[in-house]
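Colleague: I have a structure here, written as structure tokens, and I will follow up with some questions on it.
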Amino acid sequence: MAGAGSRLLIAVVDDEKSVRTSLRRLLAASELDAVTFASGQEFLDSLRQSRPDCLILDLQMPGLSGLDVQRQLADRRLRVPTIIITAEDETRGASPSPGTVAYLCKPFEEHVLLGLIARAVQGAPAP
Amino acid sequence: MTAPGAEPREGAVRALVRPAGIVLAIVVAYYAGSRIGVLLKFEPLAPSLLWPPNAILTAALLLAPRRRWGLILLAVFPAHLLARLDSPLPLALILALFVTNCSEALIAAAAVRRLGFTASGLFDSLRAAGVFIACAGFVAPFASSFADAAAAAVLGGKDYWLVWETRFFANALTALTLVPVIVLIAGKWRAWVRRGFDRRLLEAVGVWLGIVVVGLSLLDVPRGVIGFSVLMAVPFAVLLSLLVWSAVRLGPAGSSLAVLTAEVLAIGGAARGQWPFDVLSRADNVLSLQIFLIGVAIPLLCLAALIEEQQRDQEALESRLRFEEMLSRLARAFVHLPSDQVDPTIDAWLRRLGEHLQSDHVAIFELSPADKTLVPTHSWVADGARQPGLSALDGGLHDSPLMITDYGVLSFGARRNGEPWPPAVIPQLRLVAEVFANALTRKQAENALRASEAVKAAILASLTSGVAVLDRSGRVAAINETWHSLGPSEAASAGIAVGATCEEVCAYALPPGSAYARDARAAIEAVIAGARSDFALEYPRAAAAGERWFALSVLPLNRTEGGAVVSLTDVTKRKRMELEARQTRHELAHFTRVSTMGELTASLAHELSQPLTGILANAQAALRLLAAAPPDLDEVRDSLVDIVDDDRRAGDIIRRLRELLKKGETRRVRLDLNAVVSDVVKLVGSDALMRGVAITVDLDPALPLLSADRVQLQQVVLNLLMNAMEAMAGTVEAARSLVIRTECLDAGTVHVSIEDRGRGIALDAADKIFEPFYTTKPDGMGMGLSIARSIIEAHDGHVWAANNSAGGATFHFTLAVGAPEG
């Protein structure tokens, strides 16, 4: 986790470019540092350099899916509070992985996202 | 079988009684003849004028069968003895005379038989009469008289030659005059009794009375009264004339009776020494009388026989001519005879034939072609005769004519006159049978033809299509009723009849002045001319109750004289059904598309949520950026650009959806198949992502544009892609790959293949998967592939599927590039 006083680092993993770009722009405007990844693998590879305070993770992606990414995080015993964003009501059947703060259905309102991020970085479990 | 008892016994009694009666009659006649012969001796020791016993015995032997001769000779022996009881002759001579009498009769009868003649017909021809005269009138008395004279000389001490001479002439005369009378009366008395009293009998009686009167009046007149003059010759001339008359008019029997009568009268005259027998001695008188009577009897017998023969020949000739004339009329009667007249005409002719030929029946049996049995079809039966059955044919095989023809059998019965069938008639009856058989066969053929014509007419009338047969000149040769009900209106329906021209036919059937009418007329003329083998056209025509559709087809008339058959069918109902079927297919296709879209809902939501997420996030970021001081306008602009892009992207998705969901009419346009494939791949992209299927698209950039319906092709590709993805549900995720390829097979055909790594197609399902309602999915309708096939085939393409060697299946379809259409 980044040091206190510095801006929170939020990772966005989504294969959809427009989603990545728009979220990066929104998070930046909300005074959050955002780093985006087009695939789960890219994100996992980046963990050697830095660890985000919060992960915004898409579920359906070619290659590693969102759940695969969470599984690997668990394997590496890394606990990153994660907000799962999904294009559909796909929460059923997916057991909440460790670290999952919330499921968010696309498209979503900024205050909902920002509120969830705030809760996630405070370590509070999802409501 | 006869009943045992009465009948055979009665027959046996009759068989004994009748010959016994005959033998008794012979014995009595022999005795009486002997007594008469003795009485006709002018002096006790002089020879007899007539000697009847030998003639009676000769006639009896001629009439009797040869096996009875011994019995007859034995029976007359006592009569011979009895007749000579008061004779002064020694017994030995009497016995010897019996032997010579018998030998004379035996010689005469045996010789006649030997030369092939019998009692019946012995006086019917000149030849037979000659044989009789030679045998009975000359040889027998001549030969036997030597023995007789010898016996008389040796045993009776008489003059040999005198005895021989008197016996020979007496016996010859008796044989020539008495035997014919006995034989003919015995043979014909039954026929005379049957015939009763008629003109011929009246004539015979008249002639006989004439002979008696002339004989008595002339022979009985003493010489002293009349004196000799030329006038004395007149009675002889009259007598001879009457005798000749009897020979000419009354036949051998009448003639023989007349001669015998004259003979008896002459003998009577001579016995009393009357004129002309009063000149010479009695013995000389006897001899000259005998010679005279022999001289009269022989020519008269010959003349009667000759006339009888000629008459018989004449009658036979006339009968044959009548029969031939009848046959000729019969043959003419059946020429050009209408078939409905054949049966009554045959019946009439059977009667005439039967009556003419005196058959007791005439019948025709048909040989049934089905079971080879004989079935009676026509018959005539004489009054009182038995109806002929099949058993009549058995009899026919033996003694009645039986003519076998191709039709069957013509059979005749026994002859009513009891005579056998003359062999000369048989060939003529064969001709009759052929005439009948021809008429009946022709009648059958005509009936069959009429039946087949009726069937043809009924078929033509029952056709629901109008049929007009045109001859080589294009004029209507035949037309059925249905044609008239297919006319443009009731008023015009009377327009087409036999003889109408090709132009009138076209004007009647097709919208006047239309291109259809011009094409049809040209085609009909071309078919008649042999320039084309057929022609078919479907066209609409305005009618009072809305538009109607007709199908016109033209085929050459399969006849040597040429022509064409034009058939006109109202296909409005079929057209409506086709339209409805197309509509149904269309709706079904739409329904299938909508169902498929339903399956895609999740992925489409995913697809659409991406740009929406981007739009919302960008917009809210822009608002925040604008609220900051100073606002980062560059970043705001970038946000807005991204918003526009995302919105367009969402719009594209909606456009594609709307395209697939809309329910428009089929519309062919020039389109790029690659674009169609790409669009669909984009549509299912999210679904593929969710299913973990990697789609590889391999498009041939050189693909020509197609003339096709875009939505329909999208539906096919969508259906095949969805099927391929569903087929891989059981495949490990890493292997879930799908390749869609387009390529150009040749200038006119493009080929699309969709290859998956799924479970493949079951062997037994390979030919069923394109059938409607065939599905392997638990909730499938089984319409997807069936609709895909109908779409591809409507685009002149083919669709098929095959398993891949590496697993999974590949679905292929081809499309014809086709000409550009509106």
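Labels for the structure tokens follow display order: chains A, B, ..., residues from 1 in each chain, ligands from 1.
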May I have the residues of chain B within 7 Å of chain A, counting only C-alpha atoms, written as an NGL selection string?
Modeller: :B and (602 or 605-606 or 609-614 or 616-618 or 620-621 or 624-625 or 689-690)
Colleague: Once DSSP has gone over the backbone, tell me which residues of chain A are in strand (DSSP E or B), as a short mmCIF file (atom, residue, chain, number, x, y, z; two decimals) with C-alpha atoms, in the first residue's frame.
Modeller:
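This went into states31.cif:
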data_model
loop_
_atom_site.label_atom_id
_atom_site.label_comp_id
_atom_site.auth_asym_id
_atom_site.auth_seq_id
_atom_site.Cartn_x
_atom_site.Cartn_y
_atom_site.Cartn_z
CA LEU A 9 -3.37 4.18 -6.58
CA ILE A 10 -6.30 2.56 -8.33
CA ALA A 11 -5.72 -0.17 -10.92
CA VAL A 12 -8.28 -0.63 -13.69
CA VAL A 13 -8.25 -3.94 -15.58
CA ASP A 33 -4.11 7.97 -9.42
CA ALA A 34 -5.30 5.44 -11.90
CA VAL A 35 -3.29 2.88 -13.75
CA THR A 36 -5.05 0.83 -16.46
CA PHE A 37 -4.37 -2.62 -17.86
CA CYS A 54 -7.79 -0.77 -4.99
CA LEU A 55 -8.49 -2.88 -8.07
CA ILE A 56 -11.31 -2.26 -10.47
CA LEU A 57 -11.59 -5.54 -12.33
CA ASP A 58 -13.68 -6.53 -15.32
CA THR A 82 -11.33 -5.34 -5.51
CA ILE A 83 -14.40 -3.81 -7.11
CA ILE A 84 -15.68 -6.07 -9.81
CA ILE A 85 -17.30 -4.35 -12.74
CA THR A 86 -19.36 -6.43 -15.05
CA THR A 100 -13.95 -8.54 -3.34
CA VAL A 101 -15.51 -5.41 -2.02
CA ALA A 102 -18.43 -5.12 -4.33
CA TYR A 103 -19.89 -6.05 -7.70
CA LEU A 104 -20.73 -3.13 -9.85
CA CYS A 105 -22.91 -3.40 -12.90
#
Colleague: Would you list the contacts of Glu771 in chain B as an NGL selection string, taking every protein, DNA or RNA residue within 8 Å and counting only C-alpha atoms, but skipping same-chain residues closer than 5 positions in sequence?
Modeller: :B and (782-783 or 785-786)
Colleague: CA of Gly692 in chain B and CA of Gly99 in chain A, how far apart in Å?
Modeller: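 We find that CA of Gly99 in chain A and CA of Gly692 in chain B lie 24.6 Å from each other.
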Colleague: Quick one: pull the distance between CA of Thr501 in chain B and CA of Ala477 in chain B, Å, one decimal.
Modeller: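 CA of Thr501 in chain B sits 9.9 Å away from CA of Ala477 in chain B.
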Colleague: Looking at B:Arg199, B:Gly780, B:Ser686, B:Ala551, which one is nearest to Asp15 in chain A, with distances taken over only C-alpha atoms?
Modeller: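 Smallest distance to Asp15 in chain A is found for B:Ser686.
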Colleague: May I ask for the distance between CA of Leu486 in chain B and CA of Gly466 in chain B, given in Å to one decimal place?
Modeller: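 Atom-to-atom, CA of Leu486 in chain B to CA of Gly466 in chain B, that is 7.1 Å.
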Colleague: Quick one: residues within 12 Å of Gln72 in chain A, only C-alpha atoms, excluding same-chain residues fewer than 2 positions away - as number ranges by chain?
Modeller: A: 40-41, 43-45, 47, 64-70, 74-80, 97-98
Colleague: Store the residues picked out above in a file with N, CA and C atoms, as an mmCIF file, in the first residue's frame.
Modeller:
data_model
loop_
_atom_site.group_PDB
_atom_site.id
_atom_site.type_symbol
_atom_site.label_atom_id
_atom_site.label_comp_id
_atom_site.auth_asym_id
_atom_site.auth_seq_id
_atom_site.Cartn_x
_atom_site.Cartn_y
_atom_site.Cartn_z
ATOM 1 N N GLY A 40 -5.703 -9.139 -17.653
ATOM 2 C CA GLY A 40 -5.363 -9.609 -16.319
ATOM 3 C C GLY A 40 -3.873 -9.874 -16.192
ATOM 4 N N GLN A 41 -3.308 -10.443 -17.241
ATOM 5 C CA GLN A 41 -1.886 -10.791 -17.191
ATOM 6 C C GLN A 41 -1.002 -9.553 -17.022
ATOM 7 N N PHE A 43 -1.818 -6.822 -15.666
ATOM 8 C CA PHE A 43 -1.938 -6.363 -14.276
ATOM 9 C C PHE A 43 -1.078 -7.200 -13.352
ATOM 10 N N LEU A 44 -1.186 -8.517 -13.460
ATOM 11 C CA LEU A 44 -0.418 -9.386 -12.569
ATOM 12 C C LEU A 44 1.083 -9.130 -12.726
ATOM 13 N N ASP A 45 1.449 -8.911 -13.997
ATOM 14 C CA ASP A 45 2.879 -8.634 -14.223
ATOM 15 C C ASP A 45 3.314 -7.338 -13.532
ATOM 16 N N LEU A 47 2.429 -6.173 -10.787
ATOM 17 C CA LEU A 47 2.458 -6.225 -9.320
ATOM 18 C C LEU A 47 3.894 -6.256 -8.780
ATOM 19 N N LEU A 64 -7.090 -14.289 -19.438
ATOM 20 C CA LEU A 64 -7.448 -14.431 -18.026
ATOM 21 C C LEU A 64 -8.711 -13.647 -17.748
ATOM 22 N N SER A 65 -9.680 -14.300 -17.137
ATOM 23 C CA SER A 65 -10.890 -13.580 -16.762
ATOM 24 C C SER A 65 -10.650 -12.913 -15.398
ATOM 25 N N GLY A 66 -11.629 -12.082 -15.000
ATOM 26 C CA GLY A 66 -11.506 -11.418 -13.709
ATOM 27 C C GLY A 66 -11.336 -12.408 -12.568
ATOM 28 N N LEU A 67 -12.079 -13.501 -12.643
ATOM 29 C CA LEU A 67 -11.980 -14.497 -11.572
ATOM 30 C C LEU A 67 -10.605 -15.143 -11.557
ATOM 31 N N ASP A 68 -10.043 -15.369 -12.765
ATOM 32 C CA ASP A 68 -8.682 -15.931 -12.835
ATOM 33 C C ASP A 68 -7.687 -15.009 -12.127
ATOM 34 N N VAL A 69 -7.887 -13.724 -12.386
ATOM 35 C CA VAL A 69 -6.964 -12.755 -11.770
ATOM 36 C C VAL A 69 -7.066 -12.837 -10.234
ATOM 37 N N GLN A 70 -8.313 -12.878 -9.753
ATOM 38 C CA GLN A 70 -8.512 -12.961 -8.293
ATOM 39 C C GLN A 70 -7.903 -14.232 -7.730
ATOM 40 N N ALA A 74 -5.004 -14.552 -4.925
ATOM 41 C CA ALA A 74 -5.112 -15.366 -3.718
ATOM 42 C C ALA A 74 -3.942 -16.335 -3.630
ATOM 43 N N ASP A 75 -3.590 -16.888 -4.788
ATOM 44 C CA ASP A 75 -2.456 -17.841 -4.818
ATOM 45 C C ASP A 75 -1.177 -17.154 -4.314
ATOM 46 N N ARG A 76 -1.044 -15.904 -4.722
ATOM 47 C CA ARG A 76 0.176 -15.180 -4.310
ATOM 48 C C ARG A 76 0.024 -14.558 -2.918
ATOM 49 N N ARG A 77 -1.076 -14.868 -2.277
ATOM 50 C CA ARG A 77 -1.410 -14.339 -0.951
ATOM 51 C C ARG A 77 -1.365 -12.822 -0.924
ATOM 52 N N LEU A 78 -1.824 -12.246 -2.023
ATOM 53 C CA LEU A 78 -1.932 -10.788 -2.104
ATOM 54 C C LEU A 78 -3.385 -10.427 -1.873
ATOM 55 N N ARG A 79 -3.602 -9.480 -0.965
ATOM 56 C CA ARG A 79 -4.983 -9.066 -0.717
ATOM 57 C C ARG A 79 -5.173 -7.660 -1.243
ATOM 58 N N VAL A 80 -5.778 -7.543 -2.382
ATOM 59 C CA VAL A 80 -6.077 -6.244 -2.981
ATOM 60 C C VAL A 80 -7.596 -6.060 -2.949
ATOM 61 N N SER A 97 -14.908 -13.766 -4.051
ATOM 62 C CA SER A 97 -13.511 -14.134 -3.790
ATOM 63 C C SER A 97 -12.994 -13.250 -2.642
ATOM 64 N N PRO A 98 -11.949 -13.758 -2.020
ATOM 65 C CA PRO A 98 -11.385 -12.940 -0.951
ATOM 66 C C PRO A 98 -10.938 -11.598 -1.546
#
Colleague: So that I can see what lies close to Ala170 in chain B, please list as a ChimeraX atom specification the residues with an atom at most 9 Å from it, counting only C-alpha atoms and leaving out residues fewer than 3 positions away in the same chain.
Modeller: /B:47-52,141,165-167,173-175,286-287,290
Colleague: Those residues you just picked out, can you put them in a file as a compact mmCIF listing (two decimals), in the first residue's frame with N, CA and C atoms?
Modeller:
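Printed below is again19.txt as written:
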# COMPACT_ATOMS: atom_id res chain seq x y z
N PRO B 47 -94.77 -124.38 -119.30
CA PRO B 47 -94.08 -123.48 -118.37
C PRO B 47 -95.00 -122.36 -117.90
N SER B 48 -94.65 -121.83 -116.73
CA SER B 48 -95.45 -120.76 -116.15
C SER B 48 -95.13 -119.45 -116.85
N LEU B 49 -96.14 -118.60 -116.96
CA LEU B 49 -95.95 -117.30 -117.60
C LEU B 49 -95.08 -116.39 -116.71
N LEU B 50 -95.41 -116.41 -115.45
CA LEU B 50 -94.67 -115.65 -114.43
C LEU B 50 -94.30 -116.61 -113.32
N TRP B 51 -93.16 -116.38 -112.70
CA TRP B 51 -92.80 -117.24 -111.57
C TRP B 51 -92.42 -116.35 -110.37
N PRO B 52 -93.42 -115.90 -109.57
CA PRO B 52 -93.17 -114.90 -108.51
C PRO B 52 -92.28 -115.37 -107.36
N PRO B 141 -81.27 -115.47 -113.47
CA PRO B 141 -82.15 -116.45 -114.14
C PRO B 141 -81.42 -117.24 -115.22
N GLU B 165 -85.61 -122.34 -121.62
CA GLU B 165 -86.10 -121.13 -122.29
C GLU B 165 -87.28 -120.52 -121.53
N THR B 166 -88.29 -121.34 -121.24
CA THR B 166 -89.49 -120.80 -120.58
C THR B 166 -89.15 -120.30 -119.17
N ARG B 167 -88.29 -121.07 -118.47
CA ARG B 167 -87.95 -120.64 -117.10
C ARG B 167 -87.17 -119.34 -117.13
N LEU B 173 -88.57 -111.96 -116.45
CA LEU B 173 -89.68 -111.01 -116.47
C LEU B 173 -90.17 -110.73 -115.04
N THR B 174 -90.34 -111.80 -114.27
CA THR B 174 -90.83 -111.62 -112.89
C THR B 174 -89.84 -110.79 -112.08
N ALA B 175 -88.54 -111.12 -112.23
CA ALA B 175 -87.54 -110.37 -111.47
C ALA B 175 -87.59 -108.90 -111.86
N VAL B 286 -97.00 -117.19 -124.93
CA VAL B 286 -96.33 -116.94 -123.64
C VAL B 286 -94.98 -116.33 -123.87
N LEU B 287 -94.20 -116.94 -124.75
CA LEU B 287 -92.85 -116.47 -124.99
C LEU B 287 -92.85 -115.06 -125.54
N GLN B 290 -93.80 -112.62 -122.93
CA GLN B 290 -92.70 -112.40 -121.98
C GLN B 290 -91.66 -111.46 -122.57
Colleague: Determine, counting only C-alpha atoms, which protein, DNA and RNA residues have an atom within 7 Å of an atom of range 353-365 of chain B; residues of the same chain fewer than 4 positions away are not included. Present the result as a list in words.
Modeller: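 In the requested form, the answer reads Trp349, Leu374, Val375, Pro376, Thr377, His378, Ser379, Trp380, Val381, Ala382, Ala385, Pro388, Gly408, Val409, Leu410, Ser411, Phe412, Gly413, Ala414, Arg415, Arg416 and Asn417 of chain B.
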Colleague: Output N, CA and C atoms for every residue in that selection, as an mmCIF file, in the first residue's frame.
Modeller:
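The new file out.cif reads:
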data_model
loop_
_atom_site.group_PDB
_atom_site.id
_atom_site.type_symbol
_atom_site.label_atom_id
_atom_site.label_comp_id
_atom_site.auth_asym_id
_atom_site.auth_seq_id
_atom_site.Cartn_x
_atom_site.Cartn_y
_atom_site.Cartn_z
ATOM 1 N N TRP B 349 -80.250 -65.229 -88.403
ATOM 2 C CA TRP B 349 -79.584 -66.137 -89.335
ATOM 3 C C TRP B 349 -79.432 -67.546 -88.770
ATOM 4 N N LEU B 374 -66.235 -72.177 -72.398
ATOM 5 C CA LEU B 374 -67.165 -71.855 -73.476
ATOM 6 C C LEU B 374 -68.478 -71.381 -72.878
ATOM 7 N N VAL B 375 -68.900 -70.211 -73.315
ATOM 8 C CA VAL B 375 -70.120 -69.622 -72.767
ATOM 9 C C VAL B 375 -71.110 -69.468 -73.926
ATOM 10 N N PRO B 376 -72.358 -70.042 -73.779
ATOM 11 C CA PRO B 376 -73.321 -69.896 -74.879
ATOM 12 C C PRO B 376 -73.733 -68.432 -75.033
ATOM 13 N N THR B 377 -73.691 -67.914 -76.267
ATOM 14 C CA THR B 377 -74.057 -66.514 -76.479
ATOM 15 C C THR B 377 -75.275 -66.389 -77.390
ATOM 16 N N HIS B 378 -75.421 -67.275 -78.383
ATOM 17 C CA HIS B 378 -76.562 -67.198 -79.291
ATOM 18 C C HIS B 378 -77.019 -68.628 -79.576
ATOM 19 N N SER B 379 -78.335 -68.816 -79.671
ATOM 20 C CA SER B 379 -78.778 -70.155 -80.055
ATOM 21 C C SER B 379 -80.159 -70.082 -80.684
ATOM 22 N N TRP B 380 -80.403 -71.043 -81.571
ATOM 23 C CA TRP B 380 -81.732 -71.243 -82.111
ATOM 24 C C TRP B 380 -82.054 -72.716 -81.932
ATOM 25 N N VAL B 381 -83.273 -72.985 -81.489
ATOM 26 C CA VAL B 381 -83.666 -74.372 -81.239
ATOM 27 C C VAL B 381 -84.955 -74.639 -82.012
ATOM 28 N N ALA B 382 -84.993 -75.746 -82.734
ATOM 29 C CA ALA B 382 -86.203 -76.108 -83.469
ATOM 30 C C ALA B 382 -87.317 -76.429 -82.478
ATOM 31 N N ALA B 385 -87.251 -79.367 -79.930
ATOM 32 C CA ALA B 385 -85.904 -79.901 -79.706
ATOM 33 C C ALA B 385 -85.395 -79.416 -78.358
ATOM 34 N N PRO B 388 -79.719 -76.587 -76.482
ATOM 35 C CA PRO B 388 -78.368 -77.146 -76.471
ATOM 36 C C PRO B 388 -77.569 -76.608 -75.288
ATOM 37 N N GLY B 408 -64.953 -68.602 -80.898
ATOM 38 C CA GLY B 408 -65.464 -69.693 -80.077
ATOM 39 C C GLY B 408 -65.882 -70.847 -80.949
ATOM 40 N N VAL B 409 -67.140 -71.304 -80.772
ATOM 41 C CA VAL B 409 -67.587 -72.507 -81.463
ATOM 42 C C VAL B 409 -68.980 -72.260 -82.041
ATOM 43 N N LEU B 410 -69.181 -72.723 -83.288
ATOM 44 C CA LEU B 410 -70.531 -72.734 -83.870
ATOM 45 C C LEU B 410 -70.926 -74.202 -83.948
ATOM 46 N N SER B 411 -72.016 -74.564 -83.260
ATOM 47 C CA SER B 411 -72.366 -75.983 -83.240
ATOM 48 C C SER B 411 -73.763 -76.200 -83.803
ATOM 49 N N PHE B 412 -73.941 -77.322 -84.486
ATOM 50 C CA PHE B 412 -75.229 -77.718 -85.043
ATOM 51 C C PHE B 412 -75.659 -78.995 -84.357
ATOM 52 N N GLY B 413 -76.972 -79.245 -84.406
ATOM 53 C CA GLY B 413 -77.482 -80.461 -83.777
ATOM 54 C C GLY B 413 -77.661 -81.562 -84.808
ATOM 55 N N ALA B 414 -78.445 -82.572 -84.399
ATOM 56 C CA ALA B 414 -78.752 -83.653 -85.336
ATOM 57 C C ALA B 414 -79.750 -83.126 -86.362
ATOM 58 N N ARG B 415 -79.814 -83.773 -87.527
ATOM 59 C CA ARG B 415 -80.748 -83.308 -88.557
ATOM 60 C C ARG B 415 -82.132 -83.879 -88.273
ATOM 61 N N ARG B 416 -83.133 -83.017 -88.476
ATOM 62 C CA ARG B 416 -84.499 -83.402 -88.139
ATOM 63 C C ARG B 416 -85.004 -84.509 -89.073
ATOM 64 N N ASN B 417 -84.517 -84.578 -90.297
ATOM 65 C CA ASN B 417 -84.979 -85.602 -91.220
ATOM 66 C C ASN B 417 -84.246 -86.924 -90.999
#
Colleague: Can you pull out the residues contacting Lys768 in chain B? Cut-off 12 Å, using only C-alpha atoms, and skip same-chain residues under 3 positions away; I want them as a PyMOL selection string.
Modeller: chain B and resi 761-765+771-776+782-783+785-786+789+800-801
Colleague: Please dump the current selection as a compact mmCIF listing (two decimals), in the first residue's frame; keep C-alpha atoms.
Modeller:
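So part.txt came out as:
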# COMPACT_ATOMS: atom_id res chain seq x y z
CA ILE B 761 -22.44 -34.39 -35.83
CA ALA B 762 -23.75 -37.85 -34.97
CA LEU B 763 -23.39 -40.19 -37.95
CA ASP B 764 -27.08 -40.94 -38.16
CA ALA B 765 -28.01 -37.27 -37.97
CA GLU B 771 -34.83 -31.10 -41.81
CA PRO B 772 -37.43 -28.99 -39.99
CA PHE B 773 -38.02 -29.78 -36.31
CA TYR B 774 -34.83 -31.79 -36.02
CA THR B 775 -32.84 -30.64 -33.02
CA THR B 776 -30.29 -31.95 -30.57
CA GLY B 782 -35.31 -27.49 -34.83
CA MET B 783 -36.03 -24.71 -37.32
CA LEU B 785 -30.86 -25.04 -39.94
CA SER B 786 -34.00 -25.75 -41.93
CA ARG B 789 -31.14 -24.15 -45.91
CA TRP B 800 -23.93 -28.97 -46.01
CA ALA B 801 -21.97 -30.11 -42.99
Colleague: Can you list, as a PyMOL selection string, all residues belonging to range 20-121 of chain A that DSSP tags as helix (DSSP H, G or I)?
Modeller: chain A and resi 20-29+40-46+66-75+110-121
